[in-house]
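A.B. asks: Here it is, the structure in full.
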Amino acid sequence: MNGVSIVIPAYNAEGTIQECLQSITTLKWSSQVEIILVNDGSADKTAEIAASFPSVIIVNSSNHGAAWATNIGIRAARHDIVILVDADAALESDWLEKIIPAFTDPSVAAAGGCPVTANKSVIGKLAGYDVELRLSKAPTDIDHLSTTNTAYRRQILLKIGLLNEGLRASYDVDLSRRLKAAGYRL
């Protein structure tokens, strides 16, 4: 594997993006890691904070929503494995070492893990704990992966279609269903 591309869609994420990017820039991984932050029209200091990380490629756009911003990043990615990470998530340092081996199976289109939520609000923490609890009990081939922190084969996404930009929520459910319908494992 020649490396991975990490795509972070961000909108007004100044409260969480520092922790998110700190976790990503310190991942244990011996191959290349391309980090693309798509600033989805933020009116706060998201882009300024991201710019303090020299290895982060920042793509600025007007606000069109998370699915649209994520798709921009996927199209810009250089590597075969694209990892989607929410701006309010943080990855454990060994996240890539745990997730990437799943791709030795060619039938696997996506693999995800547990994020550490950087969102300090009560709702953000509860959502993070919910994802962690569900994934800790999930079988090895499941029906749905959240785009909070999931790795995908880029060519498969381009083939079956990227995130549905018409959806403001549940675009990850839609993508998972299309991947499963195409015969891939998650």
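Following the order of the structure tokens, chains are lettered A, B, ..., residues in each are numbered from 1, and ligands are numbered from 1.
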Mind the document's chain letters and residue numbers, and return as a ChimeraX atom specification the residues of range 54-126 of chain A that DSSP labels strand (DSSP E or B).
C.D. replies: /A:56-61,81-85,89-90,108,110-112,116-117
A.B. asks: Do you know which residues are at most 12 Å from Leu157 in chain A counting only C-alpha atoms, after dropping those on the same chain fewer than 5 positions away, and could you put them as an MDAnalysis selection string?
C.D. replies: chainID A and resid 70:71 74:75 77 80:83 109:110 151:152 162:164 175:176 178:179 182 184
A.B. asks: Could the residues in this selection be saved with C-alpha atoms as a PDB file, in the first residue's frame?
C.D. replies:
```
ATOM      1  CA  THR A  70     -16.542  15.055   1.767  1.00  0.00           C
ATOM      2  CA  ASN A  71     -16.990  14.292  -1.928  1.00  0.00           C
ATOM      3  CA  ILE A  74     -12.540  12.056  -2.004  1.00  0.00           C
ATOM      4  CA  ARG A  75     -12.128  13.350  -5.560  1.00  0.00           C
ATOM      5  CA  ALA A  77      -7.418  12.221  -2.753  1.00  0.00           C
ATOM      6  CA  ASP A  80      -6.365   4.070  -2.962  1.00  0.00           C
ATOM      7  CA  ILE A  81      -7.614   4.058   0.627  1.00  0.00           C
ATOM      8  CA  VAL A  82      -9.617   7.126   1.659  1.00  0.00           C
ATOM      9  CA  ILE A  83     -10.428   7.655   5.306  1.00  0.00           C
ATOM     10  CA  ALA A 109     -15.021  -2.017   0.662  1.00  0.00           C
ATOM     11  CA  ALA A 110     -14.903  -0.240   4.018  1.00  0.00           C
ATOM     12  CA  ALA A 151     -11.712   3.853   5.607  1.00  0.00           C
ATOM     13  CA  TYR A 152     -12.975   3.107   2.080  1.00  0.00           C
ATOM     14  CA  LEU A 162     -20.000   9.046  -3.716  1.00  0.00           C
ATOM     15  CA  LEU A 163     -22.047  10.374  -0.814  1.00  0.00           C
ATOM     16  CA  ASN A 164     -25.546  11.533  -1.737  1.00  0.00           C
ATOM     17  CA  LEU A 175     -23.606   4.705   1.133  1.00  0.00           C
ATOM     18  CA  SER A 176     -23.415   1.565   3.296  1.00  0.00           C
ATOM     19  CA  ARG A 178     -25.253   0.808  -1.800  1.00  0.00           C
ATOM     20  CA  LEU A 179     -21.948  -0.884  -0.940  1.00  0.00           C
ATOM     21  CA  ALA A 182     -23.077  -4.162  -4.781  1.00  0.00           C
ATOM     22  CA  TYR A 184     -19.102  -5.687  -0.780  1.00  0.00           C
TER      23      TYR A 184
END
```
A.B. asks: Using only C-alpha atoms, which residues sit within 10 Å of range 12-23 of chain A once same-chain residues fewer than 6 positions away are excluded, as a count of residues only?
C.D. replies: 33
A.B. asks: A:Pro9, A:Asn2, A:Ile99, A:Gly113: which is nearest Ser30 in chain A, counting only C-alpha atoms?
C.D. replies: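 Under the stated criterion, the closest residue is A:Asn2.
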A.B. asks: If you measure from CA of Arg185 in chain A to CA of Asp94 in chain A, what distance in Å do you get, rounded to one decimal?
C.D. replies: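 Result for CA of Arg185 in chain A versus CA of Asp94 in chain A: 22.6 Å, one decimal.
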A.B. asks: Ranking A:Val59, A:Leu145, A:Leu186, A:Ile156 by minimum distance to Val173 in chain A and counting only C-alpha atoms, which one comes first?
C.D. replies: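 Between A:Val59, A:Leu145, A:Leu186, A:Ile156, the residue approaching Val173 in chain A most closely is A:Leu145.
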A.B. asks: What does the distance between CA of Gly166 in chain A and CA of Ser146 in chain A come to in Å, to one decimal place?
C.D. replies: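 It comes out at 17.4 Å.
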A.B. asks: I need the residue nearest Thr104 in chain A from this list: A:Arg168, A:Ala66, A:Arg153, A:Thr148. Use only C-alpha atoms for the distance.
C.D. replies: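 Residue with the minimum atom-to-atom distance to Thr104 in chain A: A:Arg153.
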A.B. asks: Looking only at alpha helix (DSSP H) from DSSP on the backbone, list the matching residues of range 10-166 of chain A as number ranges by chain.
C.D. replies: A: 17-25, 46-51, 66-76, 95-99, 122-136, 154-160
A.B. asks: May I ask which of the residues A:Val108, A:Ile6, A:Ala181, A:Ala76 is the closest one to Ile160 in chain A, counting only C-alpha atoms?
C.D. replies: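 Ranking A:Val108, A:Ile6, A:Ala181, A:Ala76 by distance to Ile160 in chain A, first place goes to A:Ala181.
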A.B. asks: What is the distance between CA of Asp105 in chain A and CA of Thr150 in chain A, in Å to one decimal?
C.D. replies: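 Distance between the two atoms: 16.1 Å.
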A.B. asks: Smallest atom-to-atom distance to Trp68 in chain A: which of A:Asp143, A:Glu34, A:Glu165, A:Glu97, using only C-alpha atoms?
C.D. replies: A:Glu165
